[in-house]
>>> print(open('coords31.txt').read())   # compact mmCIF, C-alpha atoms and all ligand atoms
# COMPACT_ATOMS: atom_id res chain seq x y z
CA MET A 1 106.88 65.06 75.31
CA PRO A 2 105.78 67.25 78.25
CA ASP A 3 108.23 69.56 80.02
CA ARG A 4 109.58 68.74 83.49
CA ILE A 5 107.43 71.46 84.99
CA VAL A 6 104.72 71.47 87.65
CA THR A 7 102.39 74.47 87.46
CA ILE A 8 100.37 75.59 90.46
CA ASP A 9 97.67 78.14 89.73
CA GLY A 10 95.02 79.62 91.97
CA PRO A 11 93.63 82.80 93.48
CA ALA A 12 95.30 84.88 96.23
CA GLY A 13 95.55 83.01 99.52
CA SER A 14 94.85 79.56 98.04
CA GLY A 15 98.24 78.34 99.32
CA LYS A 16 100.00 78.08 95.95
CA GLY A 17 103.12 80.01 97.07
CA THR A 18 103.65 77.92 100.20
CA ILE A 19 102.99 74.63 98.44
CA GLY A 20 105.02 75.62 95.37
CA GLN A 21 108.10 76.46 97.45
CA LYS A 22 107.87 73.27 99.50
CA LEU A 23 107.42 71.20 96.38
CA ALA A 24 110.41 72.83 94.66
CA LEU A 25 112.59 72.14 97.71
CA GLU A 26 111.39 68.54 97.92
CA LEU A 27 112.10 67.90 94.23
CA GLY A 28 115.30 70.00 94.10
CA TRP A 29 113.77 72.00 91.24
CA ARG A 30 113.80 75.72 90.49
CA PHE A 31 110.88 77.83 91.73
CA LEU A 32 109.14 80.67 89.90
CA ASP A 33 106.78 82.94 91.83
CA SER A 34 105.18 84.67 88.83
CA GLY A 35 103.00 86.83 91.10
CA ALA A 36 106.22 88.31 92.46
CA LEU A 37 107.22 89.15 88.88
CA TYR A 38 104.02 91.17 88.37
CA ARG A 39 104.54 92.72 91.80
CA ALA A 40 108.13 93.63 90.82
CA CYS A 41 106.72 95.49 87.77
CA ALA A 42 104.33 97.33 90.07
CA HIS A 43 107.27 98.20 92.33
CA LEU A 44 109.17 99.53 89.30
CA ALA A 45 106.21 101.69 88.32
CA VAL A 46 106.02 103.22 91.79
CA LYS A 47 109.79 103.69 92.07
CA HIS A 48 110.01 105.50 88.72
CA ASN A 49 106.70 107.28 89.10
CA LEU A 50 105.24 105.60 85.98
CA ASP A 51 101.54 105.57 85.13
CA PRO A 52 100.55 101.88 85.65
CA ASP A 53 97.91 102.22 82.95
CA VAL A 54 100.52 103.05 80.28
CA PRO A 55 102.24 99.66 79.76
CA GLU A 56 104.86 101.03 77.32
CA LEU A 57 106.42 103.05 80.15
CA ILE A 58 106.89 99.92 82.23
CA ILE A 59 108.04 97.79 79.28
CA ASP A 60 110.82 100.34 78.61
CA HIS A 61 112.25 99.44 82.02
CA LEU A 62 112.17 95.69 81.39
CA ASN A 63 115.37 95.75 79.30
CA ASP A 64 117.57 95.83 82.36
CA PHE A 65 115.22 93.82 84.54
CA GLU A 66 116.90 90.99 86.40
CA PHE A 67 114.41 89.08 88.46
CA GLU A 68 114.97 86.22 90.89
CA SER A 69 112.57 84.43 93.22
CA ILE A 70 114.37 82.39 95.88
CA PRO A 71 112.15 79.92 97.78
CA ALA A 72 112.18 79.79 101.57
CA GLY A 73 114.75 77.38 103.00
CA SER A 74 114.53 75.60 106.35
CA ASN A 75 115.91 78.68 108.14
CA GLU A 76 115.44 81.48 105.64
CA GLU A 77 112.43 83.38 104.39
CA ALA A 78 111.63 83.48 100.67
CA LYS A 79 113.36 86.33 98.84
CA VAL A 80 112.62 88.31 95.69
CA LEU A 81 115.45 90.19 94.01
CA LEU A 82 115.09 92.86 91.33
CA ASN A 83 118.43 93.84 89.78
CA SER A 84 120.06 92.36 92.92
CA GLU A 85 117.97 94.62 95.20
CA ASP A 86 115.99 92.73 97.83
CA ILE A 87 112.36 93.85 97.32
CA SER A 88 110.78 90.99 99.30
CA PHE A 89 109.15 93.26 101.88
CA GLU A 90 107.97 96.10 99.60
CA ILE A 91 106.16 93.84 97.15
CA ARG A 92 104.05 92.11 99.81
CA THR A 93 101.86 95.11 100.65
CA ALA A 94 98.17 95.13 99.65
CA ASP A 95 98.78 98.28 97.55
CA CYS A 96 101.48 96.54 95.55
CA ALA A 97 99.20 93.51 95.04
CA GLN A 98 96.42 95.75 93.68
CA MET A 99 98.82 97.59 91.39
CA ALA A 100 100.22 94.24 90.15
CA SER A 101 96.72 93.02 89.34
CA ARG A 102 96.00 96.29 87.47
CA ILE A 103 99.21 96.06 85.45
CA ALA A 104 98.59 92.37 84.72
CA VAL A 105 95.50 93.23 82.66
CA SER A 106 97.74 94.54 79.86
CA HIS A 107 98.41 92.16 77.00
CA ALA A 108 101.65 94.03 76.16
CA ILE A 109 102.99 93.56 79.71
CA ARG A 110 102.00 89.89 79.77
CA SER A 111 103.77 89.29 76.43
CA ALA A 112 106.89 91.10 77.66
CA LEU A 113 106.99 88.88 80.76
CA LEU A 114 106.33 85.63 78.90
CA LEU A 115 109.94 85.04 77.84
CA ILE A 116 111.34 85.93 81.30
CA GLN A 117 109.04 83.28 82.77
CA ARG A 118 109.84 80.62 80.16
CA GLU A 119 113.58 81.23 80.54
CA TYR A 120 113.22 80.46 84.22
CA TYR A 121 113.16 76.75 83.41
CA HIS A 122 116.44 74.94 84.02
CA PRO A 123 117.03 71.20 84.35
CA PRO A 124 116.20 69.17 86.37
CA GLY A 125 112.83 70.95 86.54
CA LEU A 126 110.66 73.88 87.52
CA VAL A 127 107.74 74.53 89.85
CA ALA A 128 105.87 77.66 88.72
CA ASP A 129 103.04 79.33 90.59
CA GLY A 130 100.61 81.99 89.40
CA ARG A 131 97.35 82.51 87.54
CA ASP A 132 98.14 81.39 83.97
CA MET A 133 101.09 79.03 84.44
CA GLY A 134 99.27 75.92 83.21
CA SER A 135 96.96 77.63 80.72
CA VAL A 136 99.34 80.01 78.89
CA VAL A 137 102.96 80.14 80.07
CA PHE A 138 103.70 76.40 80.35
CA PRO A 139 100.86 74.65 78.50
CA ASN A 140 103.10 71.59 78.01
CA ALA A 141 103.81 71.14 81.73
CA MET A 142 104.18 67.59 83.04
CA MET A 143 101.60 68.29 85.73
CA LYS A 144 99.10 71.06 86.43
CA VAL A 145 97.63 71.83 89.85
CA PHE A 146 94.85 74.27 90.70
CA LEU A 147 94.46 75.26 94.35
CA THR A 148 91.39 77.03 95.62
CA ALA A 149 89.68 77.90 98.93
CA SER A 150 86.71 79.97 100.09
CA LEU A 151 87.16 83.75 100.02
CA GLU A 152 86.80 83.90 103.81
CA VAL A 153 89.52 81.33 104.44
CA ARG A 154 91.86 83.02 101.94
CA ALA A 155 91.29 86.45 103.49
CA LYS A 156 92.06 85.04 106.96
CA ARG A 157 95.29 83.47 105.67
CA LYS A 158 96.43 86.74 104.05
CA PHE A 159 95.53 88.67 107.22
CA LYS A 160 97.75 86.32 109.25
CA GLN A 161 100.59 86.44 106.69
CA LEU A 162 100.65 90.24 106.53
CA LYS A 163 100.44 90.52 110.32
CA ASN A 164 103.44 88.19 110.64
CA LYS A 165 105.33 90.51 108.29
CA ASP A 166 104.40 93.53 110.43
CA ILE A 167 102.17 94.94 107.69
CA SER A 168 99.05 96.20 109.47
CA LEU A 169 95.71 96.09 107.68
CA LYS A 170 92.16 95.46 108.83
CA TYR A 171 90.64 92.04 108.00
CA ASP A 172 87.66 93.66 106.20
CA LYS A 173 90.03 95.60 103.96
CA ILE A 174 91.98 92.46 103.05
CA TYR A 175 88.72 90.62 102.32
CA LYS A 176 87.67 93.42 99.92
CA GLU A 177 91.14 93.64 98.38
CA ILE A 178 91.15 89.91 97.56
CA GLU A 179 87.55 90.06 96.30
CA ASN A 180 88.54 92.90 93.91
CA ARG A 181 91.62 91.06 92.69
CA ASP A 182 89.68 87.78 92.20
CA LEU A 183 87.22 89.63 90.01
CA ARG A 184 89.85 91.52 87.97
CA ASP A 185 92.21 88.54 87.60
CA SER A 186 89.47 86.13 86.49
CA THR A 187 87.55 88.42 84.13
CA ARG A 188 90.39 90.12 82.21
CA SER A 189 90.53 89.27 78.51
CA HIS A 190 94.15 88.07 78.39
CA ALA A 191 95.23 84.96 80.29
CA PRO A 192 92.59 85.18 83.04
CA LEU A 193 92.79 83.03 86.17
CA THR A 194 91.31 79.71 85.11
CA THR A 195 91.52 76.00 85.91
CA PRO A 196 93.83 74.49 83.26
CA GLU A 197 92.56 71.43 81.44
CA GLY A 198 93.54 68.21 83.18
CA ALA A 199 94.63 69.98 86.39
CA LEU A 200 94.52 68.32 89.79
CA VAL A 201 92.07 70.59 91.65
CA VAL A 202 92.46 70.81 95.44
CA ASP A 203 90.12 72.82 97.66
CA THR A 204 92.41 73.77 100.56
CA SER A 205 89.69 75.43 102.72
CA THR A 206 89.68 72.71 105.38
CA LEU A 207 93.17 71.25 104.82
CA ASP A 208 96.43 72.17 106.53
CA ILE A 209 99.70 72.73 104.62
CA GLU A 210 100.95 69.16 105.18
CA GLN A 211 97.71 67.65 103.89
CA VAL A 212 97.78 69.78 100.73
CA LEU A 213 101.46 69.03 100.18
CA GLN A 214 100.89 65.28 100.52
CA THR A 215 97.97 65.36 98.06
CA VAL A 216 100.01 67.34 95.51
CA LEU A 217 103.15 65.21 96.04
CA GLU A 218 101.23 61.97 95.39
CA GLY A 219 100.06 63.39 92.08
CA VAL A 220 103.50 64.73 91.19
CA TYR A 221 105.32 61.46 91.91
CA SER A 222 102.90 59.41 89.85
CA ASN A 223 103.33 61.93 86.99
CA ILE A 224 107.12 61.82 87.32
CA ASN A 225 107.04 57.99 87.12
CA ALA A 226 104.87 58.09 84.00
CA PHE A 227 107.14 60.81 82.58
CA GLU A 228 110.32 58.77 83.20
CA SER A 229 108.90 55.59 81.61
CA GLU A 230 107.73 57.59 78.57
CA ALA A 231 111.22 59.11 78.24
CA GLN A 232 112.92 55.64 78.13
O1 LIG B 1 100.12 85.65 93.24
P1 LIG B 1 100.12 87.11 93.68
O2 LIG B 1 99.00 87.40 94.62
O3 LIG B 1 101.44 87.53 94.23
O4 LIG B 1 99.89 87.97 92.34
C1 LIG B 1 99.76 89.37 92.34
C2 LIG B 1 98.97 89.79 91.11
O5 LIG B 1 99.76 89.56 89.93
C3 LIG B 1 97.66 89.05 90.86
O6 LIG B 1 96.57 89.64 91.54
C4 LIG B 1 97.51 89.09 89.37
C5 LIG B 1 98.92 89.15 88.85
N1 LIG B 1 99.38 87.85 88.33
C6 LIG B 1 99.00 87.50 87.05
O7 LIG B 1 98.24 88.22 86.41
N2 LIG B 1 99.47 86.35 86.49
C7 LIG B 1 100.28 85.54 87.18
N3 LIG B 1 100.72 84.43 86.60
C8 LIG B 1 100.64 85.85 88.50
C9 LIG B 1 100.17 87.02 89.06
>>> encode(input="coords31.txt", output="structure tokens")
Amino acid sequence: MPDRIVTIDGPAGSGKGTIGQKLALELGWRFLDSGALYRACAHLAVKHNLDPDVPELIIDHLNDFEFESIPAGSNEEAKVLLNSEDISFEIRTADCAQMASRIAVSHAIRSALLLIQREYYHPPGLVADGRDMGSVVFPNAMMKVFLTASLEVRAKRKFKQLKNKDISLKYDKIYKEIENRDLRDSTRSHAPLTTPEGALVVDTSTLDIEQVLQTVLEGVYSNINAFESEAQ
């Protein structure tokens, strides 16, 4: 029996965060932004002056690590809390993204975060976005989605997002930053970014948010119907 989970994987700027949050709100399910979890670890490393290439140092701090990703509501922005501290702004910088991608190469870190991610599931269901949600963390998910888009489109989206958050960066730098992360995230040996088997693949390059959401929702509702009849 599959779990009542929808996974949404994809590279930076593919739209998985936006679609994941909207989907979670629509379904009334919990939302896990696993990228924010890796970013929170990067934030911890900076805050405590830890060498990001020595995973044991970061893992030591995970004992009292309380993480929460709250999706955007109709009037509120999405929030990320680490031990009740609002780190939503700090973790969105390009430096934090790079550090998160560097830390995420470590098998030890990924194993330490596995349980935190799996414990995020609560009835009635979970929408989880990231790089290895469908392939490793929730292989038994009811439905798997993989969003993608051209590097140029993704870089433009990130440029706009960061500008809206008052984080100033040149477009060329964002393009390079995403290119670097794509390469590192998809070639690492543990849980690389990949299209999970059986995933609904959507290229969002020429689609707007509503069009992507509708495509994903159609797939989700037909999976939920099949899921409910199997459960009876
Ligand atoms: O989704 P994001 O851009 O916020 O993720 C930041 C980095 O965290 C990403 O470049 C790689 C890492 N990450 C990961 O390795 N596995 C995940 N499931 C999510 C993120």
>>> closest_residue(input="coords31.txt", among="A:Glu66, A:Asp208, A:Glu56, A:Asp129", to="A:Gln21", atoms="only C-alpha atoms")
A:Asp129
>>> closest_residue(input="coords31.txt", among="A:Leu162, A:Met1, A:Leu169, A:Ile58", to="A:Glu228", atoms="only C-alpha atoms")
A:Met1
>>> residues_near_point(input="coords31.txt", point="(101.2, 78.4, 93.1)", cutoff="7 Å", atoms="all atoms listed in the file", output="list in words")
Thr7, Ile8, Asp9, Gly10, Gly15, Lys16, Gly17, Ile19, Gly20, Ala128, Asp129 and Gly130 of chain A
>>> write_last_selection(input="coords31.txt", atoms="C-alpha atoms", output="PDB file, keeping the file's coordinate frame")
ATOM      1  CA  THR A   7     102.390  74.470  87.460  1.00  0.00           C
ATOM      2  CA  ILE A   8     100.370  75.590  90.460  1.00  0.00           C
ATOM      3  CA  ASP A   9      97.670  78.140  89.730  1.00  0.00           C
ATOM      4  CA  GLY A  10      95.020  79.620  91.970  1.00  0.00           C
ATOM      5  CA  GLY A  15      98.240  78.340  99.320  1.00  0.00           C
ATOM      6  CA  LYS A  16     100.000  78.080  95.950  1.00  0.00           C
ATOM      7  CA  GLY A  17     103.120  80.010  97.070  1.00  0.00           C
ATOM      8  CA  ILE A  19     102.990  74.630  98.440  1.00  0.00           C
ATOM      9  CA  GLY A  20     105.020  75.620  95.370  1.00  0.00           C
ATOM     10  CA  ALA A 128     105.870  77.660  88.720  1.00  0.00           C
ATOM     11  CA  ASP A 129     103.040  79.330  90.590  1.00  0.00           C
ATOM     12  CA  GLY A 130     100.610  81.990  89.400  1.00  0.00           C
TER      13      GLY A 130
END
>>> closest_atom_pairs(input="coords31.txt", of="chain A", to="ligand LIG 1 (chain B)", cutoff="6 Å", atoms="all atoms listed in the file", output="tab-separated table")
residue	atom	partner	partner_atom	distance
A:Ala12	CA	B:LIG1	O2	4.8
A:Ser34	CA	B:LIG1	C8	4.7
A:Gly35	CA	B:LIG1	C9	3.5
A:Ala36	CA	B:LIG1	O3	5.2
A:Tyr38	CA	B:LIG1	O5	4.8
A:Arg39	CA	B:LIG1	C1	5.9
A:Ala97	CA	B:LIG1	C1	5.0
A:Ala100	CA	B:LIG1	O5	4.7
A:Ser101	CA	B:LIG1	C4	4.0
A:Ala104	CA	B:LIG1	O7	4.5
A:Gly130	CA	B:LIG1	N3	3.7
A:Arg131	CA	B:LIG1	N3	4.0
A:Asp132	CA	B:LIG1	N3	4.8
A:Met133	CA	B:LIG1	N3	5.8
A:Arg181	CA	B:LIG1	O6	5.3
A:Asp185	CA	B:LIG1	C4	5.6
>>> atom_distance(input="coords31.txt", atom1="atom CA of A:Glu179", atom2="atom CA of A:Lys160")
16.9 Å
>>> residues_near_point(input="coords31.txt", point="(96.1, 72.6, 92.4)", cutoff="7 Å", atoms="only C-alpha atoms", output="ChimeraX atom specification")
/A:8-9,144-147,199-202
>>> closest_residue(input="coords31.txt", among="A:Phe67, A:Ile167, A:Leu25, A:Ile103", to="A:Leu50", atoms="all atoms listed in the file")
A:Ile103
>>> atom_distance(input="coords31.txt", atom1="atom CA of A:Glu26", atom2="atom CA of A:Gly219")
13.7 Å
>>> closest_residue(input="coords31.txt", among="A:Asn140, A:Thr206, A:Gln211, A:Asn180", to="A:Arg102", atoms="all atoms listed in the file")
A:Asn180
>>> closest_residue(input="coords31.txt", among="A:Gln117, A:Asn49, A:Ser84, A:Thr93", to="A:Gln161", atoms="only C-alpha atoms")
A:Thr93
>>> closest_residue(input="coords31.txt", among="A:Ala45, A:Met143, A:Arg4, A:Ser150", to="A:Val216", atoms="only C-alpha atoms")
A:Met143
>>> decode(input="coords31.txt", residues="stretch 23-69 of chain A", atoms="N, CA and C atoms", output="PDB file, in the first residue's frame")
ATOM      1  N   LEU A  23      -0.049  22.967  -3.629  1.00  0.00           N
ATOM      2  CA  LEU A  23      -0.664  21.648  -3.597  1.00  0.00           C
ATOM      3  C   LEU A  23      -1.006  21.242  -2.161  1.00  0.00           C
ATOM      4  N   ALA A  24      -0.079  21.503  -1.239  1.00  0.00           N
ATOM      5  CA  ALA A  24      -0.303  21.150   0.167  1.00  0.00           C
ATOM      6  C   ALA A  24      -1.511  21.919   0.715  1.00  0.00           C
ATOM      7  N   LEU A  25      -1.604  23.206   0.355  1.00  0.00           N
ATOM      8  CA  LEU A  25      -2.740  24.010   0.821  1.00  0.00           C
ATOM      9  C   LEU A  25      -4.050  23.471   0.250  1.00  0.00           C
ATOM     10  N   GLU A  26      -4.018  23.175  -1.044  1.00  0.00           N
ATOM     11  CA  GLU A  26      -5.219  22.663  -1.735  1.00  0.00           C
ATOM     12  C   GLU A  26      -5.700  21.346  -1.109  1.00  0.00           C
ATOM     13  N   LEU A  27      -4.751  20.474  -0.773  1.00  0.00           N
ATOM     14  CA  LEU A  27      -5.125  19.156  -0.234  1.00  0.00           C
ATOM     15  C   LEU A  27      -5.331  19.182   1.280  1.00  0.00           C
ATOM     16  N   GLY A  28      -4.846  20.256   1.940  1.00  0.00           N
ATOM     17  CA  GLY A  28      -4.897  20.320   3.404  1.00  0.00           C
ATOM     18  C   GLY A  28      -3.877  19.359   4.021  1.00  0.00           C
ATOM     19  N   TRP A  29      -2.780  19.125   3.318  1.00  0.00           N
ATOM     20  CA  TRP A  29      -1.736  18.226   3.783  1.00  0.00           C
ATOM     21  C   TRP A  29      -0.537  19.010   4.302  1.00  0.00           C
ATOM     22  N   ARG A  30       0.340  18.318   5.030  1.00  0.00           N
ATOM     23  CA  ARG A  30       1.552  18.943   5.549  1.00  0.00           C
ATOM     24  C   ARG A  30       2.543  19.165   4.398  1.00  0.00           C
ATOM     25  N   PHE A  31       3.441  20.124   4.572  1.00  0.00           N
ATOM     26  CA  PHE A  31       4.403  20.426   3.507  1.00  0.00           C
ATOM     27  C   PHE A  31       5.822  20.361   4.044  1.00  0.00           C
ATOM     28  N   LEU A  32       6.672  19.621   3.345  1.00  0.00           N
ATOM     29  CA  LEU A  32       8.091  19.554   3.723  1.00  0.00           C
ATOM     30  C   LEU A  32       8.944  20.145   2.607  1.00  0.00           C
ATOM     31  N   ASP A  33       9.664  21.223   2.936  1.00  0.00           N
ATOM     32  CA  ASP A  33      10.628  21.814   2.008  1.00  0.00           C
ATOM     33  C   ASP A  33      11.988  21.254   2.421  1.00  0.00           C
ATOM     34  N   SER A  34      12.402  20.128   1.801  1.00  0.00           N
ATOM     35  CA  SER A  34      13.640  19.475   2.260  1.00  0.00           C
ATOM     36  C   SER A  34      14.880  20.300   1.914  1.00  0.00           C
ATOM     37  N   GLY A  35      14.777  21.135   0.868  1.00  0.00           N
ATOM     38  CA  GLY A  35      15.902  22.027   0.550  1.00  0.00           C
ATOM     39  C   GLY A  35      16.168  22.969   1.712  1.00  0.00           C
ATOM     40  N   ALA A  36      15.069  23.415   2.353  1.00  0.00           N
ATOM     41  CA  ALA A  36      15.214  24.326   3.503  1.00  0.00           C
ATOM     42  C   ALA A  36      15.899  23.614   4.665  1.00  0.00           C
ATOM     43  N   LEU A  37      15.717  22.304   4.751  1.00  0.00           N
ATOM     44  CA  LEU A  37      16.361  21.518   5.811  1.00  0.00           C
ATOM     45  C   LEU A  37      17.889  21.516   5.595  1.00  0.00           C
ATOM     46  N   TYR A  38      18.296  21.289   4.345  1.00  0.00           N
ATOM     47  CA  TYR A  38      19.737  21.331   4.033  1.00  0.00           C
ATOM     48  C   TYR A  38      20.278  22.753   4.212  1.00  0.00           C
ATOM     49  N   ARG A  39      19.460  23.721   3.857  1.00  0.00           N
ATOM     50  CA  ARG A  39      19.881  25.122   4.039  1.00  0.00           C
ATOM     51  C   ARG A  39      19.992  25.443   5.530  1.00  0.00           C
ATOM     52  N   ALA A  40      19.097  24.882   6.351  1.00  0.00           N
ATOM     53  CA  ALA A  40      19.151  25.120   7.802  1.00  0.00           C
ATOM     54  C   ALA A  40      20.453  24.548   8.374  1.00  0.00           C
ATOM     55  N   CYS A  41      20.895  23.402   7.843  1.00  0.00           N
ATOM     56  CA  CYS A  41      22.181  22.820   8.285  1.00  0.00           C
ATOM     57  C   CYS A  41      23.333  23.750   7.900  1.00  0.00           C
ATOM     58  N   ALA A  42      23.237  24.313   6.708  1.00  0.00           N
ATOM     59  CA  ALA A  42      24.281  25.245   6.257  1.00  0.00           C
ATOM     60  C   ALA A  42      24.298  26.466   7.177  1.00  0.00           C
ATOM     61  N   HIS A  43      23.120  26.934   7.540  1.00  0.00           N
ATOM     62  CA  HIS A  43      22.984  28.090   8.435  1.00  0.00           C
ATOM     63  C   HIS A  43      23.628  27.782   9.800  1.00  0.00           C
ATOM     64  N   LEU A  44      23.368  26.551  10.280  1.00  0.00           N
ATOM     65  CA  LEU A  44      23.958  26.109  11.550  1.00  0.00           C
ATOM     66  C   LEU A  44      25.483  26.138  11.483  1.00  0.00           C
ATOM     67  N   ALA A  45      26.003  25.633  10.350  1.00  0.00           N
ATOM     68  CA  ALA A  45      27.457  25.569  10.179  1.00  0.00           C
ATOM     69  C   ALA A  45      28.067  26.971  10.227  1.00  0.00           C
ATOM     70  N   VAL A  46      27.400  27.914   9.570  1.00  0.00           N
ATOM     71  CA  VAL A  46      27.916  29.296   9.560  1.00  0.00           C
ATOM     72  C   VAL A  46      27.814  29.903  10.958  1.00  0.00           C
ATOM     73  N   LYS A  47      26.655  29.703  11.580  1.00  0.00           N
ATOM     74  CA  LYS A  47      26.401  30.295  12.904  1.00  0.00           C
ATOM     75  C   LYS A  47      27.420  29.808  13.938  1.00  0.00           C
ATOM     76  N   HIS A  48      27.765  28.501  13.872  1.00  0.00           N
ATOM     77  CA  HIS A  48      28.686  27.952  14.867  1.00  0.00           C
ATOM     78  C   HIS A  48      30.112  27.825  14.344  1.00  0.00           C
ATOM     79  N   ASN A  49      30.340  28.450  13.190  1.00  0.00           N
ATOM     80  CA  ASN A  49      31.680  28.466  12.618  1.00  0.00           C
ATOM     81  C   ASN A  49      32.237  27.050  12.398  1.00  0.00           C
ATOM     82  N   LEU A  50      31.396  26.154  11.850  1.00  0.00           N
ATOM     83  CA  LEU A  50      31.807  24.763  11.650  1.00  0.00           C
ATOM     84  C   LEU A  50      32.317  24.575  10.216  1.00  0.00           C
ATOM     85  N   ASP A  51      33.289  23.699  10.058  1.00  0.00           N
ATOM     86  CA  ASP A  51      33.797  23.407   8.720  1.00  0.00           C
ATOM     87  C   ASP A  51      32.740  22.564   7.985  1.00  0.00           C
ATOM     88  N   PRO A  52      32.155  23.077   6.884  1.00  0.00           N
ATOM     89  CA  PRO A  52      31.068  22.347   6.217  1.00  0.00           C
ATOM     90  C   PRO A  52      31.532  21.017   5.622  1.00  0.00           C
ATOM     91  N   ASP A  53      32.843  20.856   5.480  1.00  0.00           N
ATOM     92  CA  ASP A  53      33.343  19.599   4.914  1.00  0.00           C
ATOM     93  C   ASP A  53      33.641  18.547   5.978  1.00  0.00           C
ATOM     94  N   VAL A  54      33.315  18.876   7.261  1.00  0.00           N
ATOM     95  CA  VAL A  54      33.464  17.868   8.327  1.00  0.00           C
ATOM     96  C   VAL A  54      32.056  17.583   8.874  1.00  0.00           C
ATOM     97  N   PRO A  55      31.349  16.611   8.258  1.00  0.00           N
ATOM     98  CA  PRO A  55      29.943  16.382   8.598  1.00  0.00           C
ATOM     99  C   PRO A  55      29.701  16.098  10.072  1.00  0.00           C
ATOM    100  N   GLU A  56      30.646  15.424  10.744  1.00  0.00           N
ATOM    101  CA  GLU A  56      30.449  15.068  12.164  1.00  0.00           C
ATOM    102  C   GLU A  56      30.165  16.314  13.003  1.00  0.00           C
ATOM    103  N   LEU A  57      30.814  17.418  12.668  1.00  0.00           N
ATOM    104  CA  LEU A  57      30.634  18.653  13.445  1.00  0.00           C
ATOM    105  C   LEU A  57      29.182  19.130  13.346  1.00  0.00           C
ATOM    106  N   ILE A  58      28.628  19.002  12.142  1.00  0.00           N
ATOM    107  CA  ILE A  58      27.242  19.451  11.941  1.00  0.00           C
ATOM    108  C   ILE A  58      26.284  18.452  12.594  1.00  0.00           C
ATOM    109  N   ILE A  59      26.567  17.167  12.424  1.00  0.00           N
ATOM    110  CA  ILE A  59      25.685  16.126  12.985  1.00  0.00           C
ATOM    111  C   ILE A  59      25.563  16.272  14.507  1.00  0.00           C
ATOM    112  N   ASP A  60      26.667  16.665  15.162  1.00  0.00           N
ATOM    113  CA  ASP A  60      26.637  16.901  16.614  1.00  0.00           C
ATOM    114  C   ASP A  60      25.561  17.902  17.013  1.00  0.00           C
ATOM    115  N   HIS A  61      25.297  18.850  16.115  1.00  0.00           N
ATOM    116  CA  HIS A  61      24.302  19.896  16.419  1.00  0.00           C
ATOM    117  C   HIS A  61      22.876  19.477  16.077  1.00  0.00           C
ATOM    118  N   LEU A  62      22.725  18.281  15.473  1.00  0.00           N
ATOM    119  CA  LEU A  62      21.376  17.892  15.037  1.00  0.00           C
ATOM    120  C   LEU A  62      20.529  17.293  16.170  1.00  0.00           C
ATOM    121  N   ASN A  63      21.170  17.053  17.338  1.00  0.00           N
ATOM    122  CA  ASN A  63      20.420  16.494  18.466  1.00  0.00           C
ATOM    123  C   ASN A  63      19.317  17.432  18.935  1.00  0.00           C
ATOM    124  N   ASP A  64      19.679  18.710  19.056  1.00  0.00           N
ATOM    125  CA  ASP A  64      18.617  19.654  19.436  1.00  0.00           C
ATOM    126  C   ASP A  64      18.257  20.544  18.248  1.00  0.00           C
ATOM    127  N   PHE A  65      17.803  19.885  17.196  1.00  0.00           N
ATOM    128  CA  PHE A  65      17.508  20.541  15.931  1.00  0.00           C
ATOM    129  C   PHE A  65      16.012  20.399  15.673  1.00  0.00           C
ATOM    130  N   GLU A  66      15.281  21.488  15.898  1.00  0.00           N
ATOM    131  CA  GLU A  66      13.842  21.423  15.655  1.00  0.00           C
ATOM    132  C   GLU A  66      13.523  22.247  14.434  1.00  0.00           C
ATOM    133  N   PHE A  67      13.089  21.556  13.395  1.00  0.00           N
ATOM    134  CA  PHE A  67      12.920  22.204  12.100  1.00  0.00           C
ATOM    135  C   PHE A  67      11.446  22.238  11.701  1.00  0.00           C
ATOM    136  N   GLU A  68      11.021  23.367  11.157  1.00  0.00           N
ATOM    137  CA  GLU A  68       9.633  23.437  10.674  1.00  0.00           C
ATOM    138  C   GLU A  68       9.548  24.275   9.401  1.00  0.00           C
ATOM    139  N   SER A  69       8.911  23.718   8.368  1.00  0.00           N
ATOM    140  CA  SER A  69       8.696  24.531   7.160  1.00  0.00           C
ATOM    141  C   SER A  69       7.197  24.799   7.030  1.00  0.00           C
TER     142      SER A  69
END
